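Trainee: Enclosed is the structure file entry_7.txt (compact mmCIF, C-alpha atoms and all ligand atoms).
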# COMPACT_ATOMS: atom_id res chain seq x y z
CA MET X 72 -65.43 -108.98 -53.93
CA THR X 73 -66.06 -107.58 -50.47
CA LYS X 74 -65.93 -110.35 -47.90
CA CYS X 75 -68.99 -110.64 -45.66
CA ILE X 76 -68.57 -112.05 -42.14
CA GLY X 77 -71.43 -113.47 -40.10
CA ILE X 78 -71.74 -112.70 -36.40
CA ILE X 79 -74.05 -114.83 -34.29
CA GLY X 80 -75.45 -112.64 -31.55
CA GLY X 81 -76.40 -109.00 -32.02
CA GLY X 82 -75.46 -107.52 -28.65
CA GLN X 83 -72.76 -104.95 -27.97
CA LEU X 84 -69.95 -107.40 -28.68
CA GLY X 85 -71.31 -108.16 -32.15
CA ARG X 86 -71.79 -104.46 -32.75
CA MET X 87 -68.23 -103.58 -31.75
CA LEU X 88 -66.86 -106.47 -33.84
CA ALA X 89 -68.64 -105.16 -36.91
CA LEU X 90 -67.59 -101.56 -36.24
CA SER X 91 -63.96 -102.62 -36.01
CA GLY X 92 -64.11 -104.56 -39.27
CA TYR X 93 -65.54 -101.90 -41.61
CA PRO X 94 -62.23 -99.98 -41.86
CA LEU X 95 -60.66 -103.25 -43.06
CA GLY X 96 -63.02 -103.22 -46.04
CA LEU X 97 -65.32 -105.94 -44.74
CA LYS X 98 -69.10 -106.35 -44.58
CA PHE X 99 -71.05 -107.99 -41.78
CA ARG X 100 -74.32 -109.83 -41.27
CA ILE X 101 -75.76 -110.35 -37.79
CA LEU X 102 -77.93 -113.21 -36.56
CA ASP X 103 -80.05 -112.63 -33.48
CA GLY X 104 -83.31 -113.85 -32.00
CA SER X 105 -84.49 -110.25 -31.65
CA PRO X 106 -85.07 -107.77 -34.50
CA GLU X 107 -84.13 -105.00 -32.03
CA ALA X 108 -80.57 -106.27 -31.35
CA PRO X 109 -78.10 -103.34 -31.07
CA ALA X 110 -75.68 -104.76 -33.67
CA GLY X 111 -78.58 -104.47 -36.13
CA HIS X 112 -78.17 -100.66 -35.93
CA VAL X 113 -74.83 -100.95 -37.74
CA SER X 114 -75.14 -104.07 -39.93
CA PRO X 115 -77.87 -106.01 -41.74
CA LEU X 116 -79.65 -108.31 -39.30
CA VAL X 117 -81.23 -111.73 -39.83
CA SER X 118 -83.61 -112.35 -36.97
CA GLY X 119 -85.13 -115.67 -36.07
CA PRO X 120 -84.64 -118.64 -33.77
CA LEU X 121 -81.03 -119.82 -33.65
CA ASP X 122 -82.12 -123.44 -33.61
CA GLN X 123 -84.09 -123.18 -36.86
CA LEU X 124 -82.24 -124.49 -39.95
CA GLU X 125 -84.06 -122.14 -42.30
CA THR X 126 -82.87 -119.10 -40.29
CA LEU X 127 -79.33 -120.44 -40.15
CA ASP X 128 -79.23 -121.04 -43.91
CA ARG X 129 -80.59 -117.57 -44.65
CA PHE X 130 -77.89 -116.12 -42.39
CA ALA X 131 -75.06 -118.26 -43.87
CA ASP X 132 -75.78 -117.60 -47.55
CA GLY X 133 -72.65 -116.17 -49.22
CA LEU X 134 -70.67 -115.58 -45.98
CA GLU X 135 -66.89 -115.86 -45.97
CA CYS X 136 -66.90 -117.22 -42.42
CA ALA X 137 -68.84 -116.82 -39.19
CA THR X 138 -68.12 -116.16 -35.54
CA PHE X 139 -70.18 -115.68 -32.37
CA GLU X 140 -70.32 -113.14 -29.58
CA PHE X 141 -71.78 -115.27 -26.78
CA GLU X 142 -70.99 -118.76 -25.57
CA ASN X 143 -74.53 -120.00 -25.12
CA VAL X 144 -75.12 -120.40 -28.85
CA PRO X 145 -76.81 -123.78 -29.38
CA LEU X 146 -74.03 -126.21 -30.28
CA LYS X 147 -76.25 -127.71 -32.98
CA ALA X 148 -76.41 -124.34 -34.75
CA ILE X 149 -72.61 -124.15 -34.93
CA GLU X 150 -72.41 -127.78 -36.07
CA HIS X 151 -74.91 -127.07 -38.85
CA LEU X 152 -73.16 -123.87 -39.98
CA SER X 153 -69.74 -125.59 -39.88
CA ASN X 154 -70.95 -127.95 -42.61
CA HIS X 155 -71.25 -124.97 -44.95
CA LEU X 156 -68.55 -122.47 -43.93
CA PRO X 157 -65.69 -121.95 -41.46
CA VAL X 158 -66.96 -120.99 -38.00
CA HIS X 159 -64.40 -119.69 -35.48
CA PRO X 160 -63.90 -120.44 -32.65
CA GLY X 161 -65.20 -123.94 -33.29
CA CYS X 162 -67.50 -126.40 -31.54
CA LEU X 163 -64.82 -127.78 -29.23
CA ALA X 164 -64.22 -124.40 -27.58
CA LEU X 165 -67.96 -123.89 -27.17
CA GLU X 166 -68.47 -127.32 -25.73
CA LYS X 167 -65.75 -126.79 -23.12
CA SER X 168 -66.99 -123.37 -22.06
CA GLN X 169 -70.77 -123.91 -21.97
CA ASP X 170 -70.63 -126.08 -18.88
CA ARG X 171 -68.65 -124.98 -15.81
CA TRP X 172 -67.91 -128.55 -14.76
CA VAL X 173 -66.66 -129.59 -18.22
CA GLU X 174 -64.57 -126.41 -18.30
CA LYS X 175 -62.97 -127.06 -14.92
CA GLU X 176 -62.23 -130.69 -15.88
CA PHE X 177 -60.60 -129.33 -19.03
CA PHE X 178 -58.41 -126.91 -17.01
CA ARG X 179 -57.51 -129.76 -14.68
CA SER X 180 -56.51 -131.99 -17.62
CA LEU X 181 -54.07 -129.25 -18.70
CA LEU X 182 -52.73 -128.91 -15.12
CA ILE X 183 -54.12 -125.38 -14.84
CA PRO X 184 -55.05 -124.74 -11.18
CA THR X 185 -58.74 -124.19 -10.30
CA ALA X 186 -60.79 -123.94 -7.11
CA PRO X 187 -61.66 -127.38 -5.71
CA PHE X 188 -64.92 -128.43 -7.37
CA ALA X 189 -67.50 -131.20 -7.55
CA PRO X 190 -70.53 -131.78 -9.75
CA VAL X 191 -73.84 -131.85 -7.87
CA THR X 192 -77.13 -133.42 -8.98
CA THR X 193 -78.97 -134.21 -5.72
CA HIS X 194 -79.54 -132.63 -2.30
CA GLU X 195 -77.59 -135.45 -0.63
CA GLY X 196 -74.83 -135.05 -3.22
CA LEU X 197 -74.63 -131.36 -2.30
CA GLN X 198 -74.27 -132.18 1.39
CA GLN X 199 -71.52 -134.67 0.56
CA ALA X 200 -69.76 -132.13 -1.69
CA THR X 201 -69.75 -129.50 1.09
CA LEU X 202 -67.99 -132.04 3.34
CA GLU X 203 -65.37 -132.76 0.67
CA ILE X 204 -64.78 -129.18 -0.40
CA GLY X 205 -65.52 -127.39 2.86
CA LEU X 206 -67.37 -124.14 3.51
CA PRO X 207 -67.58 -121.36 2.52
CA ALA X 208 -68.20 -122.44 -1.04
CA ILE X 209 -70.14 -121.25 -4.07
CA LEU X 210 -72.92 -123.27 -5.63
CA LYS X 211 -73.34 -122.48 -9.33
CA THR X 212 -75.48 -123.69 -12.20
CA ARG X 213 -73.29 -125.58 -14.66
CA ARG X 214 -74.86 -123.84 -17.65
CA PHE X 215 -76.23 -120.42 -18.58
CA GLY X 216 -74.74 -118.52 -15.63
CA TYR X 217 -73.33 -115.07 -16.35
CA ASP X 218 -72.62 -111.81 -14.50
CA GLY X 219 -72.92 -113.59 -11.14
CA LYS X 220 -76.39 -114.97 -11.98
CA GLY X 221 -77.16 -118.59 -11.13
CA GLN X 222 -74.92 -118.75 -8.09
CA VAL X 223 -75.37 -118.86 -4.33
CA ARG X 224 -72.75 -118.58 -1.62
CA LEU X 225 -72.91 -121.24 1.08
CA ASN X 226 -71.29 -120.05 4.31
CA MET X 227 -72.64 -122.53 6.84
CA PRO X 228 -74.13 -126.04 6.75
CA SER X 229 -77.55 -124.46 7.36
CA ASP X 230 -77.25 -122.64 3.97
CA VAL X 231 -77.18 -125.92 2.05
CA SER X 232 -80.94 -126.47 1.86
CA GLN X 233 -81.59 -122.88 0.85
CA GLY X 234 -78.95 -123.13 -1.89
CA TRP X 235 -80.49 -126.34 -3.13
CA ASP X 236 -83.98 -124.82 -3.15
CA ALA X 237 -82.72 -121.82 -5.12
CA LEU X 238 -80.83 -123.70 -7.84
CA GLY X 239 -81.42 -127.44 -7.47
CA SER X 240 -83.66 -127.97 -10.50
CA GLN X 241 -80.63 -128.17 -12.84
CA PRO X 242 -77.12 -129.65 -12.92
CA LEU X 243 -74.84 -127.77 -10.51
CA ILE X 244 -71.22 -127.43 -9.50
CA LEU X 245 -69.93 -126.66 -6.02
CA GLU X 246 -66.71 -124.64 -5.94
CA GLY X 247 -64.52 -123.92 -2.96
CA LEU X 248 -64.19 -120.21 -2.22
CA VAL X 249 -60.79 -119.00 -3.48
CA PRO X 250 -59.21 -116.55 -1.00
CA PHE X 251 -57.96 -114.35 -3.80
CA ASP X 252 -55.91 -111.15 -3.50
CA ARG X 253 -57.36 -109.77 -6.70
CA GLU X 254 -59.01 -110.71 -9.98
CA LEU X 255 -57.03 -110.54 -13.20
CA SER X 256 -57.77 -111.57 -16.75
CA GLN X 257 -55.86 -112.56 -19.82
CA VAL X 258 -57.16 -111.70 -23.25
CA SER X 259 -55.24 -113.28 -26.13
CA VAL X 260 -55.79 -114.02 -29.78
CA ARG X 261 -54.80 -116.88 -32.11
CA SER X 262 -55.24 -116.82 -35.87
CA THR X 263 -56.07 -119.61 -38.33
CA LYS X 264 -52.32 -119.58 -39.10
CA GLY X 265 -51.47 -120.37 -35.45
CA GLU X 266 -50.07 -116.89 -34.71
CA ILE X 267 -50.68 -115.97 -31.04
CA ARG X 268 -50.58 -112.54 -29.36
CA HIS X 269 -51.28 -111.69 -25.75
CA TYR X 270 -52.64 -108.44 -24.31
CA PRO X 271 -51.16 -107.44 -20.95
CA LEU X 272 -52.80 -108.87 -17.83
CA VAL X 273 -55.49 -106.53 -16.49
CA GLU X 274 -57.09 -106.14 -13.06
CA ASN X 275 -60.87 -106.40 -12.70
CA PHE X 276 -63.36 -105.23 -10.09
CA HIS X 277 -66.92 -106.53 -9.86
CA ARG X 278 -70.04 -105.10 -8.25
CA LYS X 279 -73.06 -107.32 -7.66
CA GLY X 280 -71.37 -109.98 -9.82
CA ILE X 281 -71.05 -107.65 -12.84
CA LEU X 282 -67.76 -106.23 -14.11
CA HIS X 283 -67.50 -102.66 -12.86
CA LYS X 284 -63.94 -101.60 -13.69
CA THR X 285 -60.81 -102.84 -15.46
CA ILE X 286 -57.36 -101.35 -14.93
CA ALA X 287 -55.03 -101.98 -17.85
CA PRO X 288 -52.27 -102.99 -17.64
CA ALA X 289 -52.76 -104.49 -14.15
CA PRO X 290 -50.82 -102.43 -11.59
CA GLY X 291 -47.69 -103.99 -10.16
CA ILE X 292 -46.97 -106.37 -13.01
CA ALA X 293 -43.59 -105.76 -14.58
CA PRO X 294 -42.72 -106.84 -18.14
CA ASN X 295 -41.72 -110.54 -17.97
CA ASP X 296 -43.36 -110.85 -14.56
CA PRO X 297 -43.71 -114.53 -13.49
CA LEU X 298 -47.50 -114.01 -13.22
CA GLU X 299 -47.66 -112.84 -16.81
CA HIS X 300 -45.54 -115.79 -17.84
CA GLN X 301 -47.89 -118.22 -16.01
CA SER X 302 -50.93 -116.62 -17.57
CA ARG X 303 -49.56 -116.72 -21.12
CA GLN X 304 -48.31 -120.26 -20.80
CA ALA X 305 -51.72 -121.48 -19.59
CA MET X 306 -53.46 -119.53 -22.35
CA GLU X 307 -51.25 -121.13 -25.00
CA LYS X 308 -51.95 -124.60 -23.61
CA VAL X 309 -55.70 -123.92 -23.79
CA MET X 310 -55.51 -122.44 -27.28
CA GLU X 311 -53.44 -125.27 -28.64
CA ALA X 312 -55.58 -127.97 -27.03
CA LEU X 313 -58.66 -126.47 -28.68
CA ASP X 314 -56.96 -125.54 -31.97
CA TYR X 315 -58.50 -122.22 -31.08
CA VAL X 316 -59.09 -119.35 -33.51
CA GLY X 317 -60.09 -115.85 -32.38
CA VAL X 318 -59.96 -113.93 -29.10
CA LEU X 319 -60.09 -115.98 -25.90
CA ALA X 320 -60.31 -114.65 -22.35
CA ILE X 321 -59.34 -116.42 -19.14
CA GLU X 322 -60.45 -114.91 -15.82
CA TRP X 323 -57.92 -115.48 -13.05
CA PHE X 324 -57.87 -115.24 -9.29
CA GLN X 325 -54.47 -114.09 -8.07
CA VAL X 326 -53.53 -115.86 -4.84
CA GLY X 327 -50.08 -114.73 -3.70
CA ALA X 328 -47.70 -115.47 -6.54
CA SER X 329 -49.99 -117.89 -8.35
CA LEU X 330 -52.99 -117.82 -10.63
CA VAL X 331 -56.12 -119.93 -10.20
CA ALA X 332 -58.46 -120.17 -13.20
CA ASN X 333 -62.05 -119.03 -12.66
CA GLU X 334 -63.46 -119.38 -16.16
CA MET X 335 -62.80 -118.81 -19.82
CA ALA X 336 -64.82 -117.11 -22.53
CA PRO X 337 -64.39 -118.13 -26.19
CA ARG X 338 -65.07 -114.63 -27.53
CA VAL X 339 -64.18 -110.99 -27.24
CA HIS X 340 -64.54 -110.04 -23.60
CA ASN X 341 -65.67 -107.13 -21.45
CA THR X 342 -62.25 -107.05 -19.73
CA GLY X 343 -60.74 -106.41 -23.19
CA HIS X 344 -62.83 -103.31 -23.95
CA TRP X 345 -59.96 -101.07 -22.83
CA THR X 346 -58.05 -102.19 -25.96
CA MET X 347 -60.33 -100.03 -28.14
CA ASP X 348 -58.46 -96.93 -26.97
CA GLY X 349 -55.58 -98.17 -24.83
CA ALA X 350 -53.87 -100.75 -27.07
CA LYS X 351 -52.26 -100.59 -30.49
CA THR X 352 -54.92 -102.94 -31.93
CA SER X 353 -58.31 -103.54 -30.35
CA GLN X 354 -59.45 -107.04 -29.36
CA PHE X 355 -62.31 -106.65 -31.87
CA GLU X 356 -60.05 -105.93 -34.83
CA ASN X 357 -57.67 -108.71 -33.82
CA HIS X 358 -60.55 -111.19 -33.59
CA ILE X 359 -61.58 -110.33 -37.14
CA ARG X 360 -57.97 -110.55 -38.38
CA ALA X 361 -57.58 -113.92 -36.62
CA ILE X 362 -60.65 -115.58 -38.14
CA LEU X 363 -59.64 -114.41 -41.62
CA GLY X 364 -56.05 -115.69 -41.18
CA TRP X 365 -54.70 -112.17 -41.55
CA PRO X 366 -51.60 -110.92 -39.67
CA LEU X 367 -52.45 -109.99 -36.09
CA GLY X 368 -51.94 -106.44 -34.85
CA SER X 369 -49.77 -105.42 -31.93
CA THR X 370 -51.36 -106.13 -28.54
CA GLU X 371 -49.12 -103.65 -26.70
CA ALA X 372 -50.74 -101.02 -24.49
CA ASN X 373 -50.17 -97.48 -25.71
CA HIS X 374 -51.82 -95.82 -22.69
CA HIS X 375 -52.75 -96.65 -19.14
CA THR X 376 -56.51 -97.19 -19.20
CA VAL X 377 -59.31 -97.50 -16.69
CA MET X 378 -62.43 -99.00 -18.27
CA LEU X 379 -65.70 -98.27 -16.46
CA ASN X 380 -68.91 -100.07 -17.42
CA LEU X 381 -72.05 -97.92 -17.70
CA ILE X 382 -74.76 -100.06 -16.15
CA GLY X 383 -78.47 -99.35 -15.74
CA SER X 384 -78.41 -95.74 -16.95
CA HIS X 385 -75.85 -93.16 -17.96
CA ARG X 386 -75.26 -89.43 -18.19
CA PRO X 387 -75.82 -87.75 -21.56
CA PRO X 388 -72.94 -88.22 -24.04
CA GLU X 389 -71.97 -84.55 -23.94
CA ASP X 390 -71.11 -84.79 -20.22
CA TRP X 391 -68.53 -87.52 -20.87
CA LEU X 392 -67.20 -85.91 -24.03
CA ALA X 393 -66.30 -82.73 -22.15
CA ILE X 394 -63.65 -84.58 -20.13
CA PRO X 395 -60.13 -84.92 -21.54
CA GLY X 396 -58.86 -88.48 -21.76
CA VAL X 397 -62.36 -90.02 -21.67
CA ARG X 398 -63.51 -92.13 -24.64
CA LEU X 399 -67.19 -93.01 -24.75
CA HIS X 400 -68.69 -96.17 -26.23
CA LEU X 401 -72.49 -96.48 -26.06
CA TYR X 402 -74.26 -99.57 -27.34
CA GLY X 403 -77.62 -98.13 -28.42
CA LYS X 404 -79.56 -100.05 -25.76
CA SER X 405 -82.48 -98.74 -23.74
CA PRO X 406 -81.84 -98.30 -20.02
CA ARG X 407 -82.81 -101.11 -17.65
CA GLN X 408 -81.56 -102.02 -14.20
CA GLY X 409 -78.42 -104.17 -14.36
CA ARG X 410 -78.06 -103.76 -18.15
CA LYS X 411 -74.68 -102.95 -19.70
CA LEU X 412 -75.40 -99.83 -21.77
CA GLY X 413 -71.89 -98.75 -22.64
CA HIS X 414 -68.43 -98.16 -21.25
CA VAL X 415 -65.89 -95.39 -20.99
CA ASN X 416 -62.17 -95.77 -21.37
CA VAL X 417 -60.33 -93.25 -19.23
CA LEU X 418 -56.80 -92.78 -20.56
CA GLY X 419 -53.67 -91.51 -18.87
CA ASN X 420 -49.96 -91.35 -19.54
CA THR X 421 -49.37 -93.01 -16.19
CA ALA X 422 -51.48 -95.43 -14.16
CA MET X 423 -51.87 -92.68 -11.52
CA GLU X 424 -53.21 -90.24 -14.09
CA ALA X 425 -55.76 -92.71 -15.49
CA LEU X 426 -56.82 -93.77 -11.99
CA SER X 427 -57.24 -90.25 -10.63
CA ARG X 428 -59.23 -89.20 -13.71
CA SER X 429 -61.47 -92.23 -13.26
CA GLU X 430 -61.96 -91.51 -9.53
CA THR X 431 -63.67 -88.24 -10.37
CA LEU X 432 -66.13 -90.12 -12.59
CA LEU X 433 -67.18 -92.78 -10.12
CA ASP X 434 -70.03 -90.61 -8.81
CA TRP X 435 -71.44 -90.55 -12.34
CA LEU X 436 -72.02 -94.29 -12.43
CA SER X 437 -75.56 -95.23 -11.49
CA GLU X 438 -74.89 -98.82 -10.36
P1 LIG K 501 -68.37 -116.11 -12.24
O1 LIG K 501 -69.72 -115.87 -12.81
O2 LIG K 501 -68.07 -117.55 -11.99
O3 LIG K 501 -67.26 -115.42 -12.99
O4 LIG K 501 -68.40 -115.41 -10.78
C1 LIG K 501 -68.61 -114.02 -10.61
C2 LIG K 501 -67.70 -113.50 -9.51
O5 LIG K 501 -67.94 -114.23 -8.28
C3 LIG K 501 -66.22 -113.68 -9.76
O6 LIG K 501 -65.70 -112.65 -10.58
C4 LIG K 501 -65.66 -113.66 -8.35
O7 LIG K 501 -65.62 -112.34 -7.84
C5 LIG K 501 -66.71 -114.43 -7.57
N1 LIG K 501 -66.39 -115.88 -7.55
C6 LIG K 501 -66.86 -116.81 -8.40
N2 LIG K 501 -66.36 -118.04 -8.10
C7 LIG K 501 -65.56 -117.89 -7.04
C8 LIG K 501 -64.75 -118.78 -6.26
N3 LIG K 501 -64.70 -120.09 -6.50
N4 LIG K 501 -64.06 -118.25 -5.22
C9 LIG K 501 -64.11 -116.92 -4.94
N5 LIG K 501 -64.86 -116.03 -5.62
C10 LIG K 501 -65.58 -116.49 -6.66
Once you've parsed the file, please lay out its structure as structure tokens.

Mentor:
Amino acid sequence: MTKCIGIIGGGQLGRMLALSGYPLGLKFRILDGSPEAPAGHVSPLVSGPLDQLETLDRFADGLECATFEFENVPLKAIEHLSNHLPVHPGCLALEKSQDRWVEKEFFRSLLIPTAPFAPVTTHEGLQQATLEIGLPAILKTRRFGYDGKGQVRLNMPSDVSQGWDALGSQPLILEGLVPFDRELSQVSVRSTKGEIRHYPLVENFHRKGILHKTIAPAPGIAPNDPLEHQSRQAMEKVMEALDYVGVLAIEWFQVGASLVANEMAPRVHNTGHWTMDGAKTSQFENHIRAILGWPLGSTEANHHTVMLNLIGSHRPPEDWLAIPGVRLHLYGKSPRQGRKLGHVNVLGNTAMEALSRSETLLDWLSE
């Protein structure tokens, strides 16, 4: 019988997961709070509140296993579903990644370097933390922050009160500013059988806190580079500590010859979108293989790729499709400022070729 996999969250990640699984002979069911969710264009959608048992049971009925595409799924929903079917990655990974302070403590317990950090719950506590950590620093909400939202940079002591006024109604974390050379990320995958594969390190560029561009593989990193070794070793420690199943991303700051962890995401990741066209197996297909305990596919790059996010609005598909080496992925979402509507993967046989092709497209990006 055809296996049906449940995906919690019907955004672009859920949609691309489902699209990658159909050629493997699978079916999908999506759970989302909104009946309009873009993954619902490609798979049957159960819509309803994620904290309602009746909705969860309707979603779970007859599924082989379930996964999620965003880390702010209510933990209780995953606990409930886990009583009825395998859910990967599990509660532990969610718990560690839903709260920035818990996550940084977890990295620290595994001896993975992070920015200096301190939890903050009061105005006085914030003042004290700025003395311990020093300025400049970044004040962030511990939960529900994404794409640079829920964070304020504190440059001078006089910024402290403003930062507190902006965010102080919830638990916070103060992080020292890491003087990084560049931002890298590691996307890896571990199956229920314990098989692990790593994609190459990639370099990421943000605009207004949102990922703008990924260069894959990251320029200047040779095979067996010590940075790659550090990244993979840390990833394996994290995966093993969590008994992790599925794709996991760790965002790194590169400082000289070392890596400092920014955050992790227990799901397929925007900095892995290049794998759809630039790697032998996409992160989406490998996530599906991993949660089913199937053999993982090769994570080797077969092209140099520049991934550009299409944010806010985009040119008509036919404009992109006219350009050699450009692969278009639109998510079926209506345009709105700051919204990720799609991405393009610009391929080249060399890094120079992919980069110069992507340069000519930069004017086409609205944000
Ligand atoms: P985040 O939402 O924590 O990933 O932060 C969004 C972006 O802000 C990161 O990709 C970095 O460019 C920057 N950023 C966040 N935290 C720090 C930090 N502690 N030091 C330096 N830059 C940071």

Trainee: Show me which residues sit within 6 Å of ligand LIG 501 (chain K) when counting only C-alpha atoms and all ligand atoms, and put them as a list in words.

Mentor: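 Result of the 6 Å neighbour search around ligand LIG 501 (chain K): Ala186, Tyr217, Asp218, Gly219, Glu246, Gly247, Leu248, Val249 and Gly280 of chain X.
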
Trainee: Just the selected residues (C-alpha atoms), exported as a PDB file, in the coordinates of the input, please.

Mentor:
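Below is the file that was written, again_10.pdb:
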ATOM      1  CA  ALA X 186     -60.790-123.940  -7.110  1.00  0.00           C
ATOM      2  CA  TYR X 217     -73.330-115.070 -16.350  1.00  0.00           C
ATOM      3  CA  ASP X 218     -72.620-111.810 -14.500  1.00  0.00           C
ATOM      4  CA  GLY X 219     -72.920-113.590 -11.140  1.00  0.00           C
ATOM      5  CA  GLU X 246     -66.710-124.640  -5.940  1.00  0.00           C
ATOM      6  CA  GLY X 247     -64.520-123.920  -2.960  1.00  0.00           C
ATOM      7  CA  LEU X 248     -64.190-120.210  -2.220  1.00  0.00           C
ATOM      8  CA  VAL X 249     -60.790-119.000  -3.480  1.00  0.00           C
ATOM      9  CA  GLY X 280     -71.370-109.980  -9.820  1.00  0.00           C
TER      10      GLY X 280
END

Trainee: From the set X:Leu102, X:Val377, X:Leu392, X:Val331, which residue has the shortest atom-to-atom contact distance to Phe251 (chain X), counting only C-alpha atoms?

Mentor: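 Selected residue with least distance to Phe251 (chain X): X:Val331.
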
Trainee: Place a sphere of radius 9 Å on (-50.2, -100.1, -25.7) in the file coordinates and name every protein, DNA or RNA residue with an atom inside or on its surface, counting all atoms listed in the file; give the answer as a PyMOL selection string.

Mentor: chain X and resi 270-271+288+346+348-352+369-375

Trainee: Suppose you want the space between CA of Pro120 (chain X) and CA of Ala108 (chain X); what is it in Å?

Mentor: 13.2 Å

Trainee: Pick from X:Ser259, X:Ser232, X:Gln301, X:Thr376: nearest to His358 (chain X), with all atoms listed in the file counted?

Mentor: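 Smallest separation from His358 (chain X) among the options: X:Ser259.
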
Trainee: Which residue is closest to Gly317 (chain X)? Choose from X:Ile79, X:Val173, X:Leu121, X:Ala336 and count only C-alpha atoms.

Mentor: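 Counting only C-alpha atoms, the residue closest to Gly317 (chain X) is X:Ala336.
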